[in-house]
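Enquirer: So here's final.tsv (TSV, C-alpha atoms).
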```tsv
chain	number	residue	atom	x	y	z
H	891	MET	CA	-6.20	35.23	-4.35
H	892	THR	CA	-8.38	34.17	-1.44
H	893	GLN	CA	-7.30	34.72	2.15
H	894	LEU	CA	-7.84	31.37	3.82
H	895	SER	CA	-8.63	30.80	7.47
H	896	CYS	CA	-6.59	28.15	9.27
H	897	ALA	CA	-9.57	25.76	9.18
H	898	GLU	CA	-9.93	26.26	5.43
H	899	ALA	CA	-6.22	25.84	4.80
H	900	ARG	CA	-6.09	22.67	6.90
H	901	ALA	CA	-9.07	21.22	5.06
H	902	LEU	CA	-7.35	21.91	1.73
H	903	ALA	CA	-4.05	20.53	3.02
H	904	ASN	CA	-5.47	17.03	2.92
H	905	ASP	CA	-6.32	17.41	-0.77
H	906	LEU	CA	-2.94	19.00	-1.39
H	907	LEU	CA	-1.28	15.81	-0.15
H	908	ASP	CA	-3.07	13.90	-2.88
H	909	GLY	CA	-2.47	16.46	-5.62
H	910	GLY	CA	-6.16	17.24	-5.88
H	911	LEU	CA	-6.05	21.05	-5.90
H	912	THR	CA	-6.27	23.63	-8.64
H	913	THR	CA	-3.34	25.98	-9.24
H	914	ILE	CA	-5.26	28.80	-7.54
H	915	GLU	CA	-6.07	26.66	-4.50
H	916	ARG	CA	-2.41	25.66	-4.25
H	917	SER	CA	-1.38	29.31	-4.35
H	918	ASP	CA	-3.93	30.15	-1.66
H	919	ILE	CA	-2.79	27.43	0.70
H	920	PHE	CA	0.92	28.16	0.27
H	921	ALA	CA	0.25	31.86	0.81
H	922	HIS	CA	-1.49	30.96	4.06
H	923	ILE	CA	1.28	28.60	5.17
H	924	ALA	CA	3.92	31.26	4.46
H	925	THR	CA	2.41	33.64	6.97
H	926	CYS	CA	0.66	31.40	9.53
H	927	ALA	CA	2.20	30.59	12.91
H	928	THR	CA	0.41	27.28	13.50
H	929	CYS	CA	-0.37	25.62	10.15
H	930	PRO	CA	3.17	24.96	8.81
H	931	SER	CA	4.00	22.47	11.54
H	932	LEU	CA	0.69	20.66	11.04
H	933	TYR	CA	1.30	20.48	7.30
H	934	ARG	CA	4.85	19.23	7.79
H	935	SER	CA	3.50	16.59	10.20
H	936	LEU	CA	0.84	15.46	7.72
H	937	LEU	CA	3.55	15.08	5.07
H	938	ALA	CA	5.72	13.09	7.49
H	939	VAL	CA	2.89	10.74	8.43
H	940	ARG	CA	1.95	10.09	4.83
H	941	ALA	CA	5.59	9.56	3.82
H	942	ALA	CA	6.06	7.03	6.64
H	943	LEU	CA	3.00	5.08	5.55
H	944	MET	CA	4.01	5.16	1.88
H	945	ALA	CA	7.50	3.97	2.74
H	946	ALA	CA	6.30	0.95	4.69
H	947	SER	CA	8.02	-2.11	3.32
H	948	PRO	CA	5.75	-4.52	1.46
H	949	GLY	CA	7.61	-7.27	3.28
H	950	SER	CA	8.09	-10.80	2.20
H	951	PRO	CA	5.73	-12.56	-0.20
H	952	PRO	CA	3.31	-15.22	1.07
H	953	SER	CA	5.10	-18.28	2.40
H	954	THR	CA	5.00	-21.57	0.53
H	955	GLU	CA	3.14	-22.96	3.51
H	956	LEU	CA	0.37	-20.35	3.19
H	957	ARG	CA	0.10	-20.95	-0.57
H	958	ARG	CA	-0.20	-24.68	0.10
H	959	LYS	CA	-2.89	-24.16	2.75
H	960	ILE	CA	-4.93	-21.84	0.50
H	961	ALA	CA	-4.68	-24.30	-2.40
H	962	ALA	CA	-5.91	-27.08	-0.09
H	963	LEU	CA	-8.82	-24.91	1.09
H	964	ILE	CA	-9.83	-24.15	-2.49
H	965	ASP	CA	-9.61	-27.78	-3.45
H	966	ARG	CA	-11.61	-28.93	-0.46
H	967	GLY	CA	-14.39	-26.35	-0.75
H	968	PRO	CA	-16.83	-25.19	1.97
H	969	SER	CA	-17.77	-28.63	3.23
H	970	GLY	CA	-14.18	-29.48	4.21
U	1467	MET	CA	-14.20	-28.88	-6.78
U	1468	LYS	CA	-17.36	-29.33	-4.82
U	1469	PHE	CA	-18.56	-25.82	-4.10
U	1470	GLY	CA	-20.75	-23.19	-5.63
U	1471	THR	CA	-21.85	-22.00	-9.00
U	1472	ARG	CA	-19.04	-22.36	-11.44
U	1473	ALA	CA	-18.56	-18.66	-12.18
U	1474	VAL	CA	-18.29	-17.58	-8.55
U	1475	THR	CA	-16.10	-20.52	-7.71
U	1476	ASP	CA	-13.75	-19.74	-10.57
U	1477	GLU	CA	-13.57	-16.07	-9.59
U	1478	LEU	CA	-12.89	-16.94	-5.96
U	1479	THR	CA	-10.19	-19.42	-6.91
U	1480	THR	CA	-8.52	-16.88	-9.19
U	1481	CYS	CA	-8.79	-14.16	-6.55
U	1482	LEU	CA	-7.35	-16.23	-3.71
U	1483	THR	CA	-4.55	-17.51	-5.88
U	1484	GLU	CA	-3.52	-14.41	-7.80
U	1485	ARG	CA	-4.12	-11.80	-5.08
U	1486	LEU	CA	-2.61	-13.72	-2.20
U	1487	GLY	CA	0.47	-11.48	-2.12
U	1488	ARG	CA	-1.75	-8.42	-2.04
U	1489	PHE	CA	-3.83	-9.86	0.81
U	1490	VAL	CA	-0.69	-10.58	2.81
U	1491	ALA	CA	0.61	-7.04	2.17
U	1492	ILE	CA	-2.68	-5.47	3.28
U	1493	ALA	CA	-2.82	-7.62	6.42
U	1494	ARG	CA	0.80	-6.82	7.19
U	1495	SER	CA	0.31	-3.08	6.82
U	1496	MET	CA	-2.86	-3.07	8.92
U	1497	LEU	CA	-1.75	-5.48	11.63
U	1498	GLY	CA	1.91	-4.53	11.83
U	1499	ASN	CA	2.52	-7.85	13.52
U	1500	GLU	CA	4.11	-10.47	11.35
U	1501	GLN	CA	2.96	-13.45	13.33
U	1502	ASP	CA	-0.77	-12.69	12.88
U	1503	VAL	CA	-0.58	-11.98	9.17
U	1504	GLU	CA	-0.70	-15.39	7.52
U	1505	ASP	CA	-3.16	-16.76	10.10
U	1506	VAL	CA	-5.54	-13.90	9.31
U	1507	VAL	CA	-5.21	-14.37	5.54
U	1508	GLN	CA	-5.86	-18.09	5.89
U	1509	ASP	CA	-8.89	-17.36	8.07
U	1510	VAL	CA	-10.20	-14.92	5.45
U	1511	ALA	CA	-9.82	-17.56	2.73
U	1512	GLU	CA	-11.74	-20.04	4.88
U	1513	ARG	CA	-14.50	-17.50	5.52
U	1514	ALA	CA	-14.75	-16.60	1.83
U	1515	ILE	CA	-14.98	-20.23	0.74
U	1516	ALA	CA	-17.45	-21.12	3.49
U	1517	GLY	CA	-19.55	-18.01	2.86
U	1518	ARG	CA	-19.55	-17.96	-0.91
U	1519	THR	CA	-23.03	-19.49	-1.11
U	1520	SER	CA	-24.34	-16.37	0.64
U	1521	PHE	CA	-22.42	-14.07	-1.70
U	1522	ARG	CA	-25.02	-11.58	-2.93
U	1523	GLY	CA	-23.28	-10.36	-6.02
U	1524	ASP	CA	-23.46	-6.68	-5.00
U	1525	ALA	CA	-19.72	-6.39	-5.68
U	1526	ASP	CA	-17.34	-8.58	-7.60
U	1527	VAL	CA	-16.07	-11.61	-5.77
U	1528	CYS	CA	-12.58	-10.25	-5.17
U	1529	THR	CA	-13.92	-6.95	-3.82
U	1530	TRP	CA	-16.00	-9.00	-1.40
U	1531	VAL	CA	-12.91	-10.97	-0.28
U	1532	HIS	CA	-11.00	-7.70	0.28
U	1533	ARG	CA	-13.94	-6.49	2.39
U	1534	ILE	CA	-13.76	-9.63	4.53
U	1535	LEU	CA	-10.00	-9.11	4.93
U	1536	VAL	CA	-10.24	-5.47	6.00
U	1537	ASN	CA	-13.02	-6.26	8.49
U	1538	ARG	CA	-11.09	-9.23	9.87
U	1539	CYS	CA	-7.93	-7.12	10.34
U	1540	ASN	CA	-9.97	-4.51	12.19
U	1541	ASP	CA	-11.45	-7.22	14.44
U	1542	VAL	CA	-7.96	-8.46	15.30
U	1543	ILE	CA	-6.76	-4.92	16.06
U	1544	ALA	CA	-9.84	-4.27	18.22
U	1545	SER	CA	-9.05	-7.36	20.27
U	1546	ARG	CA	-5.61	-6.04	21.18
U	1547	VAL	CA	-4.92	-3.93	24.24
U	1548	ARG	CA	-4.73	-0.28	23.35
U	1549	ARG	CA	-1.97	1.82	24.79
U	1550	ARG	CA	-3.31	5.13	23.69
U	1551	ASN	CA	-6.78	6.62	23.74
U	1552	ALA	CA	-8.49	7.37	20.48
U	1553	VAL	CA	-9.41	10.95	19.69
U	1554	ALA	CA	-13.17	11.38	19.29
U	1555	GLU	CA	-14.03	12.57	15.81
U	1556	ASP	CA	-15.91	15.69	16.90
U	1557	ALA	CA	-13.10	16.63	19.28
U	1558	LEU	CA	-10.59	16.10	16.48
U	1559	ASP	CA	-12.54	18.37	14.13
U	1560	ALA	CA	-12.82	21.06	16.80
U	1561	LEU	CA	-9.10	20.85	17.50
U	1562	TRP	CA	-8.10	21.21	13.84
U	1563	ASP	CA	-10.59	24.04	13.29
U	1564	ASP	CA	-8.97	26.00	16.14
U	1565	PRO	CA	-6.39	28.40	14.64
U	1566	ARG	CA	-4.32	28.22	17.83
U	1567	TYR	CA	-3.93	24.44	17.57
U	1568	THR	CA	-0.65	23.02	16.34
U	1569	VAL	CA	1.87	20.29	17.14
U	1570	ASP	CA	5.65	20.29	17.10
U	1571	ALA	CA	6.56	18.60	13.81
U	1572	THR	CA	9.86	17.40	15.25
U	1573	ASP	CA	7.90	15.48	17.93
U	1574	VAL	CA	5.77	13.88	15.21
U	1575	GLU	CA	8.83	12.96	13.15
U	1576	ALA	CA	10.57	11.48	16.20
U	1577	ALA	CA	7.47	9.43	17.05
U	1578	ILE	CA	7.23	8.17	13.47
U	1579	ALA	CA	10.84	7.00	13.63
U	1580	ASN	CA	9.77	4.75	16.49
U	1581	ARG	CA	7.76	2.06	14.69
U	1582	GLU	CA	5.96	1.06	17.87
U	1583	GLU	CA	4.64	4.60	18.38
U	1584	LEU	CA	3.32	4.65	14.83
U	1585	ALA	CA	1.72	1.21	15.22
U	1586	ASP	CA	0.05	2.30	18.47
U	1587	ALA	CA	-1.31	5.43	16.83
U	1588	LEU	CA	-2.66	3.42	13.89
U	1589	ALA	CA	-4.31	1.02	16.33
U	1590	SER	CA	-6.03	3.98	17.97
U	1591	LEU	CA	-7.79	5.11	14.79
U	1592	THR	CA	-11.39	4.09	14.20
U	1593	PRO	CA	-11.64	0.95	12.04
U	1594	ALA	CA	-12.94	3.02	9.12
U	1595	GLN	CA	-10.14	5.61	9.40
U	1596	ARG	CA	-7.48	2.92	9.68
U	1597	SER	CA	-8.85	0.97	6.71
U	1598	VAL	CA	-8.90	4.01	4.46
U	1599	VAL	CA	-5.54	5.42	5.58
U	1600	MET	CA	-3.76	2.08	5.18
U	1601	LEU	CA	-5.34	1.15	1.86
U	1602	HIS	CA	-4.74	4.61	0.42
U	1603	ASP	CA	-1.42	5.77	1.87
U	1604	ALA	CA	0.32	2.45	2.52
U	1605	GLN	CA	-1.15	0.33	-0.27
U	1606	GLY	CA	-1.67	3.03	-2.88
U	1607	TRP	CA	-5.32	2.29	-3.62
U	1608	LYS	CA	-7.52	4.88	-5.28
U	1609	LEU	CA	-10.31	6.35	-3.15
U	1610	ARG	CA	-12.89	4.93	-5.55
U	1611	GLU	CA	-11.52	1.40	-5.10
U	1612	ILE	CA	-11.63	1.81	-1.32
U	1613	ALA	CA	-15.22	3.07	-1.49
U	1614	GLU	CA	-16.15	-0.09	-3.37
U	1615	VAL	CA	-14.40	-2.43	-0.94
U	1616	LEU	CA	-15.81	-0.70	2.14
U	1617	ASP	CA	-19.21	-0.26	0.48
U	1618	ALA	CA	-19.19	3.41	1.47
U	1619	PRO	CA	-19.89	6.65	-0.44
U	1620	LEU	CA	-16.81	8.44	-1.81
U	1621	PRO	CA	-17.25	11.59	0.34
U	1622	THR	CA	-17.37	9.40	3.45
U	1623	VAL	CA	-14.14	7.69	2.41
U	1624	LYS	CA	-12.48	11.07	1.86
U	1625	SER	CA	-13.62	12.19	5.28
U	1626	HIS	CA	-12.16	9.06	6.91
U	1627	LEU	CA	-8.86	9.70	5.14
U	1628	ARG	CA	-8.73	13.33	6.30
U	1629	ARG	CA	-9.65	12.50	9.89
U	1630	GLY	CA	-7.37	9.45	9.99
U	1631	ARG	CA	-4.33	11.47	8.94
U	1632	ARG	CA	-5.23	14.25	11.37
U	1633	ALA	CA	-5.71	11.79	14.22
U	1634	LEU	CA	-2.28	10.29	13.54
U	1635	VAL	CA	-0.65	13.72	13.69
U	1636	THR	CA	-2.53	14.61	16.87
U	1637	LEU	CA	-1.68	11.29	18.53
U	1638	LEU	CA	1.97	11.34	17.48
U	1639	GLY	CA	2.31	15.02	18.31
U	1640	GLY	CA	1.28	14.26	21.86
U	1641	ALA	CA	-1.52	16.80	22.17
U	1642	SER	CA	-4.01	14.28	23.50
U	1643	ARG	CA	-1.71	12.51	25.93
```
If you took the structure in this file and wrote it as structure tokens, what would it be?
Expert:
Amino acid sequence: MTQLSCAEARALANDLLDGGLTTIERSDIFAHIATCATCPSLYRSLLAVRAALMAASPGSPPSTELRRKIAALIDRGPSG
Amino acid sequence: MKFGTRAVTDELTTCLTERLGRFVAIARSMLGNEQDVEDVVQDVAERAIAGRTSFRGDADVCTWVHRILVNRCNDVIASRVRRRNAVAEDALDALWDDPRYTVDATDVEAAIANREELADALASLTPAQRSVVMLHDAQGWKLREIAEVLDAPLPTVKSHLRRGRRALVTLLGGASR
């Protein structure tokens, strides 16, 4: 197991969010987080930010009016 | 139809028709302001149709349209009044490399719950950070797809994602206020 510095752990935390770490790297970062005074809150905040962005509602589909306008633009071409 | 070589025209028509919902979703997530969204998407369609004769073929047509959309959204955001100062990238790196630096996660979570705070923080990212963070985390794109749309190397895209997420935490955590 490698003892990570805070800077190293925080750099890896970004990849951890995306599931891009090896098992060993995951062990290293969680070992660091378990004993560090400052990194856990940063990691929890990164998770919260990503979760908020992922949860953003896709919202309503394009309006009929927009579909009509785009169809007209396509039909008219660049000279219109 | 009057415009363009047939293949490019057909691709553009298919793209604008079939991906319209995706364009609206991207614009909505980046702009966070419902009333701008359809105007921006319509403007992008107009620009793509008008500019298709200068299309260089260095990406596929739909990638090129996505690029126009992302750039247009960033232009609209840049034209708005900012309520919060951006964090310079070198200052952000120095902050996150400092072992003493942290934020209170409950402050970040409370700020996130306030949609306006989150929208302000997103508006304070650099255009590149915002594009990557929104396409990846909100729209679920792969980094490789984003690299293609932004015409940027993969490591650069990864760096924008890392810094964008960090900047959001720093801004929402209040350390730079």
Enquirer: Restricting the calculation to all atoms listed in the file: of U:Arg1628, U:His1532, U:Arg1538, U:Arg1581, which residue gets closest to chain H?
Expert: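 For chain H, the nearest of the candidates is U:Arg1628.
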Enquirer: What is the CA of Ala1604 (chain U)-CA of Asp1505 (chain U) distance in Å, reported with one decimal?
Expert: 20.9 Å
Enquirer: Chain U residues within 8 Å of chain H, counting all atoms listed in the file: which ones, as a PyMOL selection string?
Expert: chain U and resi 1467-1469+1479+1482-1483+1486-1487+1490-1491+1494-1495+1504+1508+1511-1512+1515-1517+1562-1571+1574-1575+1578+1600+1603-1606+1628+1631-1632+1634-1635
Enquirer: Quick check, in Å to one decimal: how far apart do CA of Asp1524 (chain U) and CA of Ile1612 (chain U) lie?
Expert: 15.0 Å
Enquirer: Grab the CA of Leu1616 (chain U) to CA of Thr1529 (chain U) distance for me, in Å with one decimal place.
Expert: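 Spanning CA of Leu1616 (chain U) to CA of Thr1529 (chain U) is a straight-line distance of 8.8 Å.
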